[in-house]
file final00.csv (CSV, C-alpha atoms)
chain,number,residue,atom,x,y,z
A,313,GLY,CA,-4.1,16.0,5.3
A,314,GLU,CA,-5.4,12.7,6.4
A,315,ASN,CA,-2.8,10.6,8.2
A,316,VAL,CA,-2.5,7.3,10.0
A,317,GLU,CA,0.4,6.7,12.3
A,318,GLN,CA,1.3,3.1,13.2
A,319,HIS,CA,3.6,2.0,16.1
A,320,PRO,CA,5.8,0.2,16.6
A,321,SER,CA,7.5,-0.3,13.2
A,322,THR,CA,9.1,-3.5,14.4
A,323,LEU,CA,8.0,-5.9,17.2
A,324,SER,CA,9.6,-9.0,18.4
A,325,VAL,CA,7.9,-11.4,20.8
A,326,GLN,CA,8.4,-14.8,22.2
A,327,GLU,CA,6.0,-17.5,21.0
A,328,GLY,CA,3.0,-17.6,23.3
A,329,ASP,CA,3.3,-14.0,24.3
A,330,SER,CA,0.9,-11.2,23.2
A,331,ALA,CA,1.5,-8.6,20.6
A,332,VAL,CA,-0.1,-5.2,20.4
A,333,ILE,CA,0.1,-2.7,17.5
A,334,LYS,CA,-1.4,0.8,17.8
A,335,CYS,CA,-2.6,3.3,15.2
A,336,THR,CA,-3.7,6.8,15.5
A,337,TYR,CA,-5.6,8.7,12.8
A,338,SER,CA,-6.5,12.3,12.1
A,339,ASP,CA,-9.7,12.3,10.1
A,340,SER,CA,-12.6,12.3,12.5
A,341,ALA,CA,-14.9,11.2,9.7
A,342,SER,CA,-13.2,7.8,9.5
A,343,ASN,CA,-15.7,5.0,10.2
A,344,TYR,CA,-14.1,1.8,9.0
A,345,PHE,CA,-10.9,0.4,10.4
A,346,PRO,CA,-9.4,-2.7,8.7
A,347,TRP,CA,-6.2,-4.6,9.5
A,348,TYR,CA,-4.2,-6.4,6.8
A,349,LYS,CA,-1.6,-9.0,7.2
A,350,GLN,CA,1.1,-9.4,4.6
A,351,GLU,CA,3.3,-12.5,4.8
A,352,LEU,CA,6.7,-12.4,3.1
A,353,GLY,CA,6.4,-12.3,-0.6
A,354,LYS,CA,2.6,-12.4,-0.5
A,355,ARG,CA,-0.3,-9.9,-1.0
A,356,PRO,CA,-1.9,-8.0,1.9
A,357,GLN,CA,-5.0,-9.7,3.2
A,358,LEU,CA,-7.7,-8.5,5.5
A,359,ILE,CA,-7.6,-10.3,8.9
A,360,ILE,CA,-10.1,-8.2,11.0
A,361,ASP,CA,-12.0,-5.0,10.8
A,362,ILE,CA,-14.1,-2.8,13.0
A,363,ARG,CA,-16.7,-0.1,12.4
A,364,SER,CA,-17.0,3.2,14.3
A,365,ASN,CA,-20.2,2.1,16.2
A,366,VAL,CA,-18.3,-0.8,17.8
A,367,GLY,CA,-15.6,-0.5,20.5
A,368,GLU,CA,-14.1,-4.0,20.3
A,369,LYS,CA,-14.2,-7.0,18.0
A,370,LYS,CA,-12.6,-10.4,18.5
A,371,ASP,CA,-11.9,-13.3,16.2
A,372,GLN,CA,-10.2,-16.2,17.9
A,373,ARG,CA,-6.7,-15.0,18.9
A,374,ILE,CA,-7.0,-11.6,17.3
A,375,ALA,CA,-8.9,-8.6,18.5
A,376,VAL,CA,-9.2,-4.9,17.6
A,377,THR,CA,-10.2,-2.1,19.9
A,378,LEU,CA,-11.3,1.4,18.8
A,379,ASN,CA,-11.3,4.6,20.8
A,380,LYS,CA,-13.0,7.2,18.6
A,381,THR,CA,-12.7,10.0,21.1
A,382,ALA,CA,-8.9,9.6,21.2
A,383,LYS,CA,-8.8,8.6,17.5
A,384,HIS,CA,-6.8,5.5,18.0
A,385,PHE,CA,-7.3,1.8,17.4
A,386,SER,CA,-5.2,-1.3,18.2
A,387,LEU,CA,-4.6,-4.8,17.1
A,388,HIS,CA,-4.1,-7.4,19.8
A,389,ILE,CA,-2.8,-10.9,19.0
A,390,THR,CA,-2.7,-13.4,21.9
A,391,GLU,CA,-0.8,-16.7,22.2
A,392,THR,CA,1.4,-15.7,19.3
A,393,GLN,CA,2.7,-18.4,17.0
A,394,PRO,CA,5.5,-18.4,14.4
A,395,GLU,CA,3.0,-18.2,11.6
A,396,ASP,CA,1.9,-14.8,13.0
A,397,SER,CA,5.2,-13.4,11.8
A,398,ALA,CA,4.3,-11.0,9.0
A,399,VAL,CA,3.9,-7.3,8.3
A,400,TYR,CA,0.6,-5.8,9.7
A,401,PHE,CA,-1.0,-2.7,8.2
A,402,CYS,CA,-3.7,-0.7,9.9
A,403,ALA,CA,-6.0,1.5,7.7
A,404,THR,CA,-8.8,3.9,7.9
A,405,ASN,CA,-11.7,4.6,5.6
A,406,THR,CA,-14.3,7.4,5.6
A,407,GLY,CA,-17.0,5.2,4.2
A,408,GLY,CA,-16.0,5.6,0.6
A,409,PHE,CA,-13.3,4.2,-1.7
A,410,LYS,CA,-10.4,6.0,-0.2
A,411,THR,CA,-8.3,4.0,2.3
A,412,ILE,CA,-5.4,5.5,4.2
A,413,PHE,CA,-2.8,2.9,5.2
A,414,GLY,CA,-0.4,3.0,8.1
A,415,ALA,CA,3.3,2.4,7.4
A,416,GLY,CA,3.2,-1.2,8.7
A,417,THR,CA,4.6,-3.2,11.7
A,418,ARG,CA,6.9,-6.0,11.1
A,419,LEU,CA,6.1,-8.7,13.7
A,420,PHE,CA,8.7,-11.4,14.5
A,421,VAL,CA,7.5,-14.3,16.7
A,422,LYS,CA,10.5,-16.2,18.1
A,423,ALA,CA,10.0,-20.0,18.6
B,390,ASN,CA,-14.0,-16.7,-8.3
B,391,ALA,CA,-10.4,-15.9,-9.2
B,392,GLY,CA,-10.6,-12.6,-7.3
B,393,VAL,CA,-7.9,-10.1,-8.5
B,394,THR,CA,-5.4,-11.4,-11.0
B,395,GLN,CA,-2.2,-9.6,-12.2
B,396,THR,CA,0.2,-10.3,-15.0
B,397,PRO,CA,3.1,-10.6,-15.3
B,398,LYS,CA,4.4,-11.9,-12.0
B,399,PHE,CA,8.0,-10.7,-12.6
B,400,ARG,CA,9.5,-8.4,-15.2
B,401,ILE,CA,12.9,-6.9,-15.8
B,402,LEU,CA,13.0,-3.7,-17.9
B,403,LYS,CA,15.8,-1.6,-19.2
B,404,ILE,CA,15.9,2.1,-18.5
B,405,GLY,CA,13.6,3.9,-21.0
B,406,GLN,CA,11.5,0.9,-21.9
B,407,SER,CA,7.7,0.9,-21.5
B,408,MET,CA,5.3,-1.8,-20.4
B,409,THR,CA,1.8,-2.4,-19.2
B,410,LEU,CA,0.9,-4.2,-16.0
B,411,GLN,CA,-2.4,-6.0,-16.4
B,412,CYS,CA,-5.1,-6.3,-13.7
B,413,THR,CA,-8.4,-8.0,-13.8
B,414,GLN,CA,-11.1,-8.7,-11.2
B,415,ASP,CA,-14.2,-10.8,-11.3
B,416,MET,CA,-16.0,-9.5,-8.3
B,417,ASN,CA,-17.9,-6.7,-10.2
B,418,HIS,CA,-16.2,-4.1,-8.0
B,419,ASN,CA,-16.5,-0.5,-9.2
B,420,TYR,CA,-13.5,0.6,-7.2
B,421,MET,CA,-10.0,-0.4,-8.3
B,422,TYR,CA,-6.5,0.7,-7.2
B,423,TRP,CA,-2.9,0.5,-8.1
B,424,TYR,CA,-0.3,0.6,-5.3
B,425,ARG,CA,3.5,0.3,-5.3
B,426,GLN,CA,5.4,-1.2,-2.4
B,427,ASP,CA,9.1,-0.5,-2.2
B,428,PRO,CA,11.3,-3.1,-0.2
B,429,GLY,CA,10.4,-3.0,3.5
B,430,MET,CA,8.0,-0.1,3.0
B,431,GLY,CA,4.3,0.5,3.1
B,432,LEU,CA,1.8,0.9,0.3
B,433,LYS,CA,1.7,4.0,-1.8
B,434,LEU,CA,-1.4,4.7,-4.0
B,435,ILE,CA,-0.5,5.4,-7.7
B,436,TYR,CA,-3.9,5.7,-9.3
B,437,TYR,CA,-7.5,4.7,-8.6
B,438,SER,CA,-10.8,4.3,-10.4
B,439,VAL,CA,-14.3,4.6,-9.2
B,440,GLY,CA,-15.8,3.0,-12.3
B,441,ALA,CA,-15.4,2.4,-16.0
B,442,GLY,CA,-14.2,5.6,-17.7
B,443,ILE,CA,-13.2,7.3,-14.4
B,444,THR,CA,-9.7,7.5,-13.1
B,445,ASP,CA,-7.8,9.8,-10.7
B,446,LYS,CA,-4.3,10.3,-9.4
B,447,GLY,CA,-3.2,9.0,-6.1
B,448,GLU,CA,-0.1,9.9,-4.0
B,449,VAL,CA,2.6,9.0,-6.5
B,450,PRO,CA,1.3,9.1,-10.1
B,451,ASN,CA,4.3,10.5,-11.9
B,452,GLY,CA,5.7,8.2,-14.6
B,453,TYR,CA,2.5,6.1,-14.8
B,454,ASN,CA,-0.8,6.1,-16.7
B,455,VAL,CA,-4.0,4.2,-16.3
B,456,SER,CA,-7.2,3.5,-18.3
B,457,ARG,CA,-10.5,1.8,-17.3
B,458,SER,CA,-12.6,0.8,-20.3
B,459,THR,CA,-14.4,-2.0,-18.5
B,460,THR,CA,-15.4,-2.8,-14.9
B,461,GLU,CA,-13.1,-5.8,-14.9
B,462,ASP,CA,-9.8,-4.4,-16.2
B,463,PHE,CA,-7.5,-1.7,-14.9
B,464,PRO,CA,-4.1,-1.7,-16.7
B,465,LEU,CA,-1.2,0.4,-15.5
B,466,ARG,CA,1.2,1.8,-18.1
B,467,LEU,CA,4.8,2.6,-17.3
B,468,GLU,CA,6.4,5.0,-19.9
B,469,LEU,CA,10.1,5.5,-20.0
B,470,ALA,CA,11.0,3.2,-17.1
B,471,ALA,CA,13.4,4.5,-14.5
B,472,PRO,CA,15.4,2.7,-11.7
B,473,SER,CA,13.2,4.5,-9.2
B,474,GLN,CA,10.2,2.5,-10.5
B,475,THR,CA,11.8,-0.7,-9.3
B,476,SER,CA,9.1,-2.0,-6.9
B,477,VAL,CA,6.3,-4.5,-6.3
B,478,TYR,CA,3.1,-3.3,-7.8
B,479,PHE,CA,-0.3,-4.4,-6.4
B,480,CYS,CA,-3.6,-4.0,-8.0
B,481,ALA,CA,-6.6,-4.0,-5.6
B,482,SER,CA,-10.4,-3.7,-5.8
B,483,GLY,CA,-13.2,-3.1,-3.4
B,484,TYR,CA,-15.2,-0.4,-1.7
B,485,GLU,CA,-14.1,-0.6,2.0
B,486,GLU,CA,-12.3,-3.9,2.3
B,487,GLN,CA,-9.7,-4.1,-0.4
B,488,PHE,CA,-8.9,-7.4,-2.2
B,489,PHE,CA,-5.3,-7.4,-3.5
B,490,GLY,CA,-3.9,-9.2,-6.5
B,491,PRO,CA,-0.7,-11.3,-6.1
B,492,GLY,CA,1.6,-8.5,-7.3
B,493,THR,CA,4.0,-7.8,-10.1
B,494,ARG,CA,7.7,-7.6,-9.1
B,495,LEU,CA,9.4,-5.1,-11.5
B,496,THR,CA,13.1,-4.4,-11.7
B,497,VAL,CA,14.4,-1.5,-13.9
B,498,LEU,CA,18.1,-1.8,-14.8
call {"tool": "encode", "arguments": {"input": "final00.csv", "output": "structure tokens"}}
result
Amino acid sequence: GENVEQHPSTLSVQEGDSAVIKCTYSDSASNYFPWYKQELGKRPQLIIDIRSNVGEKKDQRIAVTLNKTAKHFSLHITETQPEDSAVYFCATNTGGFKTIFGAGTRLFVKA
Amino acid sequence: NAGVTQTPKFRILKIGQSMTLQCTQDMNHNYMYWYRQDPGMGLKLIYYSVGAGITDKGEVPNGYNVSRSTTEDFPLRLELAAPSQTSVYFCASGYEEQFFGPGTRLTVL
């Protein structure tokens, strides 16, 4: 069935360093790829998304890249700050209501 | 806009009790979802709805029921609560981007 694998499950970086989280998916019909951030005790919230007709999208310190041929997409956070510490979920969507979430990456940014 | 709201925020149930988790959205979304999130884990889809009167099972529906009589409301019913249902429950709405409610933290003892 449809599957989204997310790596790593835990990531620890020094403040100011970059962080990269990678996801691979199985359904070639996927055409919408959102990333959600969940702070401790809070709800998941969308931080950036990309569609299948775009290879890269950037919003200040965060960027997402998509390789449709290889079926993988990545979240890049530059100049990390302590407030970036959270769980990040990638997801895929085939253009309908059904979203498949990855298992999540717990990011720790050490001051 | 309040977005997606959920009540209650916290609840403790005894084994075998029942309860309804309430979810309301004011964004006129047709699509609504219920997820559970166990400690340190990801999101598992319990039930979803594509419109009033239409619901379907997700990945982990056993022990739960839903109804969707209006566009705004999507309550989740737990019958005969079990310790395995201890979790945080998130309601969400949206077509591609999902908007999540604040969650209900449920403990079954």
call {"tool": "closest_residue", "arguments": {"input": "final00.csv", "among": "B:Thr496, B:Asn419, B:Gln414, B:Ser458", "to": "chain A", "atoms": "all atoms listed in the file"}}
result
B:Asn419
call {"tool": "closest_residue", "arguments": {"input": "final00.csv", "among": "B:His418, B:Lys398, B:Lys446, B:Arg494", "to": "Gln474 in chain B", "atoms": "only C-alpha atoms"}}
result
B:Arg494
call {"tool": "interface_residues", "arguments": {"input": "final00.csv", "of": "chain A", "to": "chain B", "cutoff": "6 Å", "atoms": "only C-alpha atoms", "output": "list in words"}}
result
Arg355, Phe409, Ala415 and Gly416 of chain A
call {"tool": "closest_residue", "arguments": {"input": "final00.csv", "among": "B:Tyr436, B:Tyr478, B:Tyr424, B:Phe399", "to": "Val455 in chain B", "atoms": "all atoms listed in the file"}}
result
B:Tyr436
call {"tool": "residues_near_point", "arguments": {"input": "final00.csv", "point": "(4.8, -0.6, -21.0)", "cutoff": "7 Å", "atoms": "all atoms listed in the file", "output": "PDB file with C-alpha atoms, in the frame of the given file"}}
result
ATOM      1  CA  GLN B 406      11.500   0.900 -21.900  1.00  0.00           C
ATOM      2  CA  SER B 407       7.700   0.900 -21.500  1.00  0.00           C
ATOM      3  CA  MET B 408       5.300  -1.800 -20.400  1.00  0.00           C
ATOM      4  CA  THR B 409       1.800  -2.400 -19.200  1.00  0.00           C
ATOM      5  CA  ARG B 466       1.200   1.800 -18.100  1.00  0.00           C
ATOM      6  CA  LEU B 467       4.800   2.600 -17.300  1.00  0.00           C
ATOM      7  CA  GLU B 468       6.400   5.000 -19.900  1.00  0.00           C
TER       8      GLU B 468
END
call {"tool": "atom_distance", "arguments": {"input": "final00.csv", "atom1": "CA of Asn343 in chain A", "atom2": "CA of Ile389 in chain A"}}
result
22.3 Å
call {"tool": "residues_around", "arguments": {"input": "final00.csv", "residues": "Ala375 in chain A", "least_positions_apart": "5", "cutoff": "7 Å", "atoms": "all atoms listed in the file", "output": "number ranges by chain"}}
result
A: 369-370, 387-389
call {"tool": "atom_distance", "arguments": {"input": "final00.csv", "atom1": "CA of Glu448 in chain B", "atom2": "CA of Thr336 in chain A"}}
result
20.1 Å
call {"tool": "residues_around", "arguments": {"input": "final00.csv", "residues": "Lys383 in chain A", "least_positions_apart": "5", "cutoff": "12 Å", "atoms": "only C-alpha atoms", "output": "number ranges by chain"}}
result
A: 315-317, 334-343, 345, 364, 367, 377-378, 404
call {"tool": "closest_residue", "arguments": {"input": "final00.csv", "among": "B:Pro464, B:Gly442, B:Pro428, B:Pro472", "to": "Gln395 in chain B", "atoms": "all atoms listed in the file"}}
result
B:Pro464
call {"tool": "atom_distance", "arguments": {"input": "final00.csv", "atom1": "CA of Gly328 in chain A", "atom2": "CA of Ile359 in chain A"}}
result
19.3 Å
call {"tool": "residues_near_point", "arguments": {"input": "final00.csv", "point": "(7.0, -8.5, 15.8)", "cutoff": "10 Å", "atoms": "all atoms listed in the file", "output": "ChimeraX atom specification"}}
result
/A:320-326,330-333,392,396-400,417-422
call {"tool": "residues_around", "arguments": {"input": "final00.csv", "residues": "Asp462 in chain B", "least_positions_apart": "3", "cutoff": "6 Å", "atoms": "only C-alpha atoms", "output": "list in words"}}
result
Cys412, Thr413 and Thr459 of chain B
call {"tool": "residues_around", "arguments": {"input": "final00.csv", "residues": "Thr396 in chain B", "least_positions_apart": "4", "cutoff": "8 Å", "atoms": "all atoms listed in the file", "output": "MDAnalysis selection string"}}
result
chainID B and resid 410:412 493
call {"tool": "residues_around", "arguments": {"input": "final00.csv", "residues": "Tyr348 in chain A", "least_positions_apart": "2", "cutoff": "9 Å", "atoms": "only C-alpha atoms", "output": "ChimeraX atom specification"}}
result
/A:346,350,356-361,399-403
call {"tool": "closest_residue", "arguments": {"input": "final00.csv", "among": "A:Thr406, A:Thr411, A:Gln318, A:Thr390", "to": "Asp371 in chain A", "atoms": "all atoms listed in the file"}}
result
A:Thr390
call {"tool": "closest_residue", "arguments": {"input": "final00.csv", "among": "B:Gly405, B:Leu495, B:Asp427, B:Met416", "to": "Gly392 in chain B", "atoms": "all atoms listed in the file"}}
result
B:Met416
call {"tool": "build_atoms", "arguments": {"input": "final00.csv", "residues": "range 392-421 of chain B", "atoms": "N, CA and C atoms", "output": "mmCIF file, in the coordinates of the input"}}
result
data_model
loop_
_atom_site.group_PDB
_atom_site.id
_atom_site.type_symbol
_atom_site.label_atom_id
_atom_site.label_comp_id
_atom_site.auth_asym_id
_atom_site.auth_seq_id
_atom_site.Cartn_x
_atom_site.Cartn_y
_atom_site.Cartn_z
ATOM 1 N N GLY B 392 -10.934 -13.767 -8.103
ATOM 2 C CA GLY B 392 -10.600 -12.600 -7.300
ATOM 3 C C GLY B 392 -9.905 -11.552 -8.215
ATOM 4 N N VAL B 393 -8.737 -11.060 -7.759
ATOM 5 C CA VAL B 393 -7.900 -10.100 -8.500
ATOM 6 C C VAL B 393 -6.716 -10.823 -9.061
ATOM 7 N N THR B 394 -6.538 -10.753 -10.361
ATOM 8 C CA THR B 394 -5.400 -11.400 -11.000
ATOM 9 C C THR B 394 -4.509 -10.326 -11.648
ATOM 10 N N GLN B 395 -3.198 -10.572 -11.651
ATOM 11 C CA GLN B 395 -2.200 -9.600 -12.200
ATOM 12 C C GLN B 395 -1.259 -10.408 -13.105
ATOM 13 N N THR B 396 -0.866 -9.789 -14.207
ATOM 14 C CA THR B 396 0.200 -10.300 -15.000
ATOM 15 C C THR B 396 1.093 -9.184 -15.496
ATOM 16 N N PRO B 397 2.417 -9.394 -15.654
ATOM 17 C CA PRO B 397 3.100 -10.600 -15.300
ATOM 18 C C PRO B 397 3.426 -10.711 -13.824
ATOM 19 N N LYS B 398 3.990 -11.803 -13.353
ATOM 20 C CA LYS B 398 4.400 -11.900 -12.000
ATOM 21 C C LYS B 398 5.756 -11.234 -11.743
ATOM 22 N N PHE B 399 6.625 -11.337 -12.713
ATOM 23 C CA PHE B 399 8.000 -10.700 -12.600
ATOM 24 C C PHE B 399 8.284 -10.094 -13.989
ATOM 25 N N ARG B 400 9.081 -9.026 -13.939
ATOM 26 C CA ARG B 400 9.500 -8.400 -15.200
ATOM 27 C C ARG B 400 10.785 -7.619 -14.918
ATOM 28 N N ILE B 401 11.725 -7.705 -15.863
ATOM 29 C CA ILE B 401 12.900 -6.900 -15.800
ATOM 30 C C ILE B 401 12.885 -5.952 -17.030
ATOM 31 N N LEU B 402 13.004 -4.666 -16.806
ATOM 32 C CA LEU B 402 13.000 -3.700 -17.900
ATOM 33 C C LEU B 402 14.319 -2.953 -17.925
ATOM 34 N N LYS B 403 14.668 -2.498 -19.105
ATOM 35 C CA LYS B 403 15.800 -1.600 -19.200
ATOM 36 C C LYS B 403 15.318 -0.168 -19.111
ATOM 37 N N ILE B 404 16.190 0.695 -18.645
ATOM 38 C CA ILE B 404 15.900 2.100 -18.500
ATOM 39 C C ILE B 404 15.330 2.628 -19.875
ATOM 40 N N GLY B 405 14.203 3.327 -19.827
ATOM 41 C CA GLY B 405 13.600 3.900 -21.000
ATOM 42 C C GLY B 405 12.591 3.040 -21.725
ATOM 43 N N GLN B 406 12.520 1.742 -21.340
ATOM 44 C CA GLN B 406 11.500 0.900 -21.900
ATOM 45 C C GLN B 406 10.138 1.172 -21.317
ATOM 46 N N SER B 407 9.114 0.678 -21.991
ATOM 47 C CA SER B 407 7.700 0.900 -21.500
ATOM 48 C C SER B 407 7.096 -0.511 -21.336
ATOM 49 N N MET B 408 6.071 -0.564 -20.498
ATOM 50 C CA MET B 408 5.300 -1.800 -20.400
ATOM 51 C C MET B 408 3.967 -1.520 -19.723
ATOM 52 N N THR B 409 3.079 -2.500 -19.853
ATOM 53 C CA THR B 409 1.800 -2.400 -19.200
ATOM 54 C C THR B 409 1.593 -3.558 -18.255
ATOM 55 N N LEU B 410 1.219 -3.232 -17.033
ATOM 56 C CA LEU B 410 0.900 -4.200 -16.000
ATOM 57 C C LEU B 410 -0.634 -4.445 -16.102
ATOM 58 N N GLN B 411 -1.006 -5.712 -16.226
ATOM 59 C CA GLN B 411 -2.400 -6.000 -16.400
ATOM 60 C C GLN B 411 -3.052 -6.384 -15.025
ATOM 61 N N CYS B 412 -4.308 -5.998 -14.868
ATOM 62 C CA CYS B 412 -5.100 -6.300 -13.700
ATOM 63 C C CYS B 412 -6.516 -6.577 -14.049
ATOM 64 N N THR B 413 -7.042 -7.678 -13.554
ATOM 65 C CA THR B 413 -8.400 -8.000 -13.800
ATOM 66 C C THR B 413 -9.078 -8.542 -12.541
ATOM 67 N N GLN B 414 -10.343 -8.137 -12.327
ATOM 68 C CA GLN B 414 -11.100 -8.700 -11.200
ATOM 69 C C GLN B 414 -12.442 -9.161 -11.631
ATOM 70 N N ASP B 415 -12.916 -10.215 -10.950
ATOM 71 C CA ASP B 415 -14.200 -10.800 -11.300
ATOM 72 C C ASP B 415 -15.235 -10.706 -10.241
ATOM 73 N N MET B 416 -15.098 -9.700 -9.388
ATOM 74 C CA MET B 416 -16.000 -9.500 -8.300
ATOM 75 C C MET B 416 -17.003 -8.358 -8.548
ATOM 76 N N ASN B 417 -16.977 -7.821 -9.758
ATOM 77 C CA ASN B 417 -17.900 -6.700 -10.200
ATOM 78 C C ASN B 417 -17.734 -5.493 -9.292
ATOM 79 N N HIS B 418 -16.485 -5.250 -8.845
ATOM 80 C CA HIS B 418 -16.200 -4.100 -8.000
ATOM 81 C C HIS B 418 -16.104 -2.836 -8.918
ATOM 82 N N ASN B 419 -16.710 -1.738 -8.514
ATOM 83 C CA ASN B 419 -16.500 -0.500 -9.200
ATOM 84 C C ASN B 419 -15.146 0.124 -8.924
ATOM 85 N N TYR B 420 -14.686 -0.049 -7.682
ATOM 86 C CA TYR B 420 -13.500 0.600 -7.200
ATOM 87 C C TYR B 420 -12.252 -0.254 -7.428
ATOM 88 N N MET B 421 -11.263 0.292 -8.103
ATOM 89 C CA MET B 421 -10.000 -0.400 -8.300
ATOM 90 C C MET B 421 -8.846 0.543 -8.060
#
